[in-house]
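Okay, entry-v8.txt now, which holds compact mmCIF, C-alpha atoms and all ligand atoms:
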# COMPACT_ATOMS: atom_id res chain seq x y z
CA MET A 12 72.39 -34.29 198.26
CA GLN A 13 69.67 -35.42 195.86
CA ALA A 14 70.53 -38.38 193.66
CA ARG A 15 70.74 -37.34 190.03
CA ILE A 16 68.71 -39.55 187.70
CA ALA A 17 69.16 -39.20 183.95
CA VAL A 18 65.97 -39.81 181.95
CA GLY A 19 65.64 -40.33 178.23
CA GLY A 20 64.61 -42.65 175.47
CA ILE A 21 64.99 -43.68 171.90
CA GLU A 22 61.89 -45.57 170.86
CA HIS A 23 61.64 -47.24 167.51
CA GLU A 24 59.67 -50.36 166.74
CA THR A 25 61.57 -51.62 163.73
CA CYS A 26 59.48 -53.78 161.44
CA GLY A 27 61.65 -56.11 159.41
CA ILE A 28 58.75 -57.62 157.47
CA ALA A 29 57.92 -54.24 155.96
CA ALA A 30 60.96 -54.32 153.69
CA ASP A 31 58.81 -54.89 150.61
CA SER A 32 56.84 -51.71 151.27
CA ALA A 33 58.62 -48.69 149.84
CA GLU A 34 57.21 -46.32 152.44
CA LEU A 35 58.29 -48.53 155.32
CA ALA A 36 61.56 -49.77 153.85
CA SER A 37 63.57 -47.37 155.98
CA THR A 38 62.60 -44.97 158.75
CA PRO A 39 64.05 -41.57 157.85
CA LEU A 40 65.81 -39.22 160.25
CA ALA A 41 62.88 -36.81 159.94
CA GLU A 42 60.63 -39.36 161.67
CA PHE A 43 62.94 -39.32 164.66
CA GLU A 44 63.61 -35.59 164.69
CA GLY A 45 59.94 -34.72 164.38
CA LYS A 46 59.19 -36.41 167.68
CA THR A 47 62.19 -35.46 169.76
CA ARG A 48 61.96 -33.70 173.09
CA ARG A 49 65.21 -32.35 174.42
CA GLY A 50 66.46 -31.32 177.85
CA VAL A 51 64.07 -28.98 179.59
CA GLU A 52 61.22 -30.11 177.34
CA LEU A 53 61.19 -33.31 179.41
CA GLU A 54 60.71 -31.36 182.62
CA GLY A 55 57.08 -30.65 181.71
CA LEU A 56 56.25 -34.34 181.48
CA GLY A 57 54.82 -36.54 184.18
CA GLN A 58 51.10 -36.50 183.48
CA ALA A 59 50.58 -38.70 180.42
CA ASN A 60 50.49 -42.48 180.22
CA THR A 61 53.92 -43.04 178.67
CA ILE A 62 57.05 -44.66 179.99
CA VAL A 63 59.00 -41.40 180.01
CA ASP A 64 56.16 -39.57 181.76
CA GLY A 65 56.27 -42.34 184.37
CA PHE A 66 60.02 -41.88 184.77
CA VAL A 67 59.64 -38.13 185.27
CA LYS A 68 56.77 -38.55 187.72
CA GLY A 69 58.58 -41.28 189.65
CA VAL A 70 61.82 -39.32 189.92
CA ARG A 71 59.90 -36.37 191.34
CA GLU A 72 57.80 -38.45 193.72
CA CYS A 73 60.94 -40.07 195.10
CA GLY A 74 62.55 -36.70 195.76
CA LEU A 75 65.31 -37.32 193.24
CA GLN A 76 66.82 -34.78 190.85
CA LEU A 77 65.62 -35.13 187.27
CA VAL A 78 68.42 -34.92 184.72
CA PRO A 79 66.54 -34.71 181.42
CA LEU A 80 68.37 -36.02 178.35
CA MET A 81 66.17 -36.48 175.28
CA TRP A 82 63.26 -38.62 174.19
CA VAL A 83 62.70 -39.76 170.62
CA ASP A 84 59.53 -41.61 169.65
CA ALA A 85 59.59 -42.50 165.98
CA ILE A 86 56.75 -44.25 164.19
CA THR A 87 56.99 -47.97 163.45
CA GLY A 88 58.86 -48.62 160.23
CA GLY A 89 61.80 -50.23 158.55
CA PRO A 90 65.33 -50.14 159.91
CA ALA A 91 66.91 -46.72 160.23
CA SER A 92 69.98 -45.95 158.19
CA ARG A 93 73.31 -46.16 159.96
CA ALA A 94 73.61 -42.37 159.75
CA THR A 95 70.19 -41.89 161.35
CA PHE A 96 71.06 -44.29 164.16
CA GLU A 97 74.33 -42.51 164.81
CA THR A 98 72.73 -39.05 164.72
CA VAL A 99 70.02 -39.93 167.21
CA THR A 100 72.23 -42.01 169.48
CA SER A 101 75.14 -39.58 169.53
CA GLU A 102 72.85 -36.80 170.73
CA LEU A 103 71.55 -38.91 173.61
CA LEU A 104 75.09 -39.91 174.56
CA ALA A 105 76.39 -36.34 174.29
CA ARG A 106 73.64 -35.14 176.60
CA LEU A 107 74.43 -37.89 179.09
CA ARG A 108 78.17 -37.17 178.89
CA GLN A 109 77.50 -33.51 179.60
CA ALA A 110 75.28 -34.39 182.58
CA LEU A 111 77.78 -36.69 184.31
CA PRO A 112 78.08 -37.68 187.04
CA VAL A 113 74.66 -39.22 187.50
CA ASP A 114 73.47 -41.73 190.08
CA GLY A 115 71.18 -43.66 187.76
CA VAL A 116 69.88 -43.80 184.20
CA LEU A 117 66.30 -44.54 183.12
CA LEU A 118 65.77 -45.20 179.42
CA SER A 119 62.74 -46.00 177.33
CA LEU A 120 63.93 -48.22 174.49
CA HIS A 121 61.37 -50.11 172.46
CA GLY A 122 63.46 -53.24 172.35
CA SER A 123 63.20 -53.93 168.63
CA PHE A 124 65.19 -50.99 167.25
CA ALA A 125 67.39 -51.97 164.32
CA ALA A 126 69.47 -50.00 161.87
CA ASP A 127 71.46 -50.91 158.79
CA GLY A 128 74.18 -53.24 160.03
CA ILE A 129 72.95 -53.06 163.65
CA ASP A 130 70.34 -55.70 164.41
CA ASP A 131 70.33 -54.84 168.12
CA ALA A 132 70.34 -51.05 168.19
CA ASP A 133 68.86 -50.96 171.70
CA GLY A 134 71.71 -53.13 172.94
CA ALA A 135 74.22 -50.85 171.22
CA ILE A 136 72.69 -47.86 173.01
CA LEU A 137 72.79 -49.62 176.37
CA ALA A 138 76.39 -50.68 175.86
CA ALA A 139 77.42 -47.12 175.00
CA VAL A 140 75.56 -45.77 178.04
CA ARG A 141 77.31 -48.32 180.25
CA VAL A 142 80.70 -47.20 178.97
CA LEU A 143 79.85 -43.60 179.86
CA VAL A 144 78.45 -44.15 183.34
CA GLY A 145 80.72 -46.99 184.46
CA ARG A 146 79.89 -50.32 186.08
CA GLU A 147 78.53 -49.03 189.39
CA CYS A 148 75.78 -46.75 188.08
CA PRO A 149 72.34 -48.41 187.81
CA VAL A 150 70.96 -48.34 184.27
CA MET A 151 67.36 -49.42 183.69
CA ALA A 152 65.59 -49.73 180.36
CA VAL A 153 61.91 -50.36 179.76
CA HIS A 154 60.99 -52.24 176.57
CA ASP A 155 57.74 -53.03 174.83
CA LEU A 156 56.22 -56.40 175.71
CA HIS A 157 57.08 -57.88 172.32
CA CYS A 158 60.70 -56.75 172.31
CA ASN A 159 63.71 -58.78 171.30
CA LEU A 160 66.07 -59.74 174.12
CA PRO A 161 69.18 -61.14 172.47
CA ALA A 162 70.77 -64.01 174.36
CA LYS A 163 74.12 -62.28 174.01
CA TRP A 164 73.00 -59.33 176.17
CA PRO A 165 74.97 -59.19 179.36
CA ARG A 166 72.74 -59.71 182.36
CA PRO A 167 72.79 -57.55 185.49
CA PRO A 168 74.94 -56.01 186.78
CA MET A 169 76.24 -55.32 183.25
CA PHE A 170 73.07 -53.44 182.30
ZN ZN B 1 55.82 -52.28 170.13
As structure tokens, please, write out the structure in this file.
Ligand SMILES: [Zn+2]
Amino acid sequence: MQARIAVGGIEHETCGIAADSAELASTPLAEFEGKTRRGVELEGLGQANTIVDGFVKGVRECGLQLVPLMWVDAITGGPASRATFETVTSELLARLRQALPVDGVLLSLHGSFAADGIDDADGAILAAVRVLVGRECPVMAVHDLHCNLPAKWPRPPMF
């Protein structure tokens, strides 16, 4: 039986120094929703030079079963509102929950995502994914090179 690999991402490069700029003070939900690919829309990927395309291509090349979740790529901006964070994250988690069981999870997370009251939104996403898939399921996230890696993040095998 083919191993089932869930693929998705929530990419937001939160810029905390933009708080004085009205247009960048907060990244609205529309910025996330306008660049969201869901489920089967991910199945057509694999050709472009993005992390998620690489995931899709790699899963196929390894003879694994692609389990497409969703991929959000919002423009750089200020922290998202708590409601925006919860809307975007809850959809990813709902899709993963519906796809269970999976044998692995590949996520593209920028590594600097923050929302009101959540300085480490990427860590919150990873923690929620871990709760869903359990301790034995490999979860891998790719971050941008200038990401934040909080010292409090559990190290493998937690993530
Ligand atoms: Zn970046």
Could you give me, as a CSV table (one decimal) with C-alpha atoms, in the frame of the given file, every polymer residue with an atom at most 10 Å away from an atom of ligand ZN 1 (chain B), counting all atoms listed in the file?
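Okay, this is what ended up in out-v6.csv:
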chain,number,residue,atom,x,y,z
A,22,GLU,CA,61.9,-45.6,170.9
A,23,HIS,CA,61.6,-47.2,167.5
A,24,GLU,CA,59.7,-50.4,166.7
A,25,THR,CA,61.6,-51.6,163.7
A,26,CYS,CA,59.5,-53.8,161.4
A,87,THR,CA,57.0,-48.0,163.4
A,121,HIS,CA,61.4,-50.1,172.5
A,122,GLY,CA,63.5,-53.2,172.4
A,123,SER,CA,63.2,-53.9,168.6
A,124,PHE,CA,65.2,-51.0,167.2
A,154,HIS,CA,61.0,-52.2,176.6
A,155,ASP,CA,57.7,-53.0,174.8
A,156,LEU,CA,56.2,-56.4,175.7
A,157,HIS,CA,57.1,-57.9,172.3
A,158,CYS,CA,60.7,-56.8,172.3
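Closest to Val18 in chain A among A:Val83, A:Leu118, A:Ala105, A:Ile129 is A:Leu118, based on only C-alpha atoms.
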message: I want to know what sits within 10 Å of Pro161 in chain A, based on all atoms listed in the file, with residues of the same chain fewer than 4 positions away left out; could you give that as a ChimeraX atom specification?
response: /A:122,130-131,134,165
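A search radius of 10 Å centred on (60.0, -46.5, 160.2), applied to only C-alpha atoms, returns the residues A:His23, A:Glu24, A:Thr25, A:Cys26, A:Gly27, A:Ala29, A:Glu34, A:Leu35, A:Ala36, A:Ser37, A:Thr38, A:Pro39, A:Leu40, A:Glu42, A:Phe43, A:Ala85, A:Ile86, A:Thr87, A:Gly88, A:Gly89, A:Pro90, A:Ala91, A:Phe124.
Using only C-alpha atoms, the shortest contact distance between Ala14 in chain A and any of A:Gly65, A:Gly50, A:Gly74, A:Gly57 is found at A:Gly74.
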- request: Determine the nearest neighbour of Arg71 in chain A from the options A:Leu137, A:Pro149, A:Gly115, A:Ile16, counting all atoms listed in the file.
  value: A:Ile16
- prompt: Got a sec: who's within 6 Å of Ser92 in chain A, counting only C-alpha atoms, leaving out chain neighbours fewer than 2 positions off, as number ranges by chain?
  reply: A: 94-95, 126-127
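The coordinates place CA of Asp133 in chain A at 18.3 Å from CA of Cys148 in chain A.
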Option closest in space to Gln109 in chain A, from A:Asn159, A:Gln13, A:Met151, A:Leu80 [counting only C-alpha atoms]: A:Leu80
Can you pull out every residue within 12 Å of Glu52 in chain A, counting only C-alpha atoms, but drop anything in the same chain fewer than 3 positions away, and send it as a PDB file with C-alpha atoms, in the coordinates of the input?
ATOM      1  CA  VAL A  18      65.970 -39.810 181.950  1.00  0.00           C
ATOM      2  CA  GLY A  19      65.640 -40.330 178.230  1.00  0.00           C
ATOM      3  CA  LYS A  46      59.190 -36.410 167.680  1.00  0.00           C
ATOM      4  CA  THR A  47      62.190 -35.460 169.760  1.00  0.00           C
ATOM      5  CA  ARG A  48      61.960 -33.700 173.090  1.00  0.00           C
ATOM      6  CA  ARG A  49      65.210 -32.350 174.420  1.00  0.00           C
ATOM      7  CA  GLY A  55      57.080 -30.650 181.710  1.00  0.00           C
ATOM      8  CA  LEU A  56      56.250 -34.340 181.480  1.00  0.00           C
ATOM      9  CA  GLY A  57      54.820 -36.540 184.180  1.00  0.00           C
ATOM     10  CA  VAL A  63      59.000 -41.400 180.010  1.00  0.00           C
ATOM     11  CA  ASP A  64      56.160 -39.570 181.760  1.00  0.00           C
ATOM     12  CA  VAL A  67      59.640 -38.130 185.270  1.00  0.00           C
ATOM     13  CA  LEU A  77      65.620 -35.130 187.270  1.00  0.00           C
ATOM     14  CA  VAL A  78      68.420 -34.920 184.720  1.00  0.00           C
ATOM     15  CA  PRO A  79      66.540 -34.710 181.420  1.00  0.00           C
ATOM     16  CA  LEU A  80      68.370 -36.020 178.350  1.00  0.00           C
ATOM     17  CA  MET A  81      66.170 -36.480 175.280  1.00  0.00           C
ATOM     18  CA  TRP A  82      63.260 -38.620 174.190  1.00  0.00           C
ATOM     19  CA  VAL A  83      62.700 -39.760 170.620  1.00  0.00           C
TER      20      VAL A  83
END
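Pairwise distance (CA of Ser119 in chain A, CA of Ala152 in chain A) equals 5.6 Å.
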task: Counting only C-alpha atoms, figure out which residue out of A:Glu54, A:Arg93, A:Leu104, A:Lys68 gets nearest to Ala138 in chain A.
output: A:Leu104
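One finds CA of Leu103 in chain A at 8.1 Å from CA of Gly20 in chain A.
Distance check against Leu107 in chain A using only C-alpha atoms: of A:Gln76, A:Phe66, A:Val153, A:Arg141, the minimum falls on A:Arg141.
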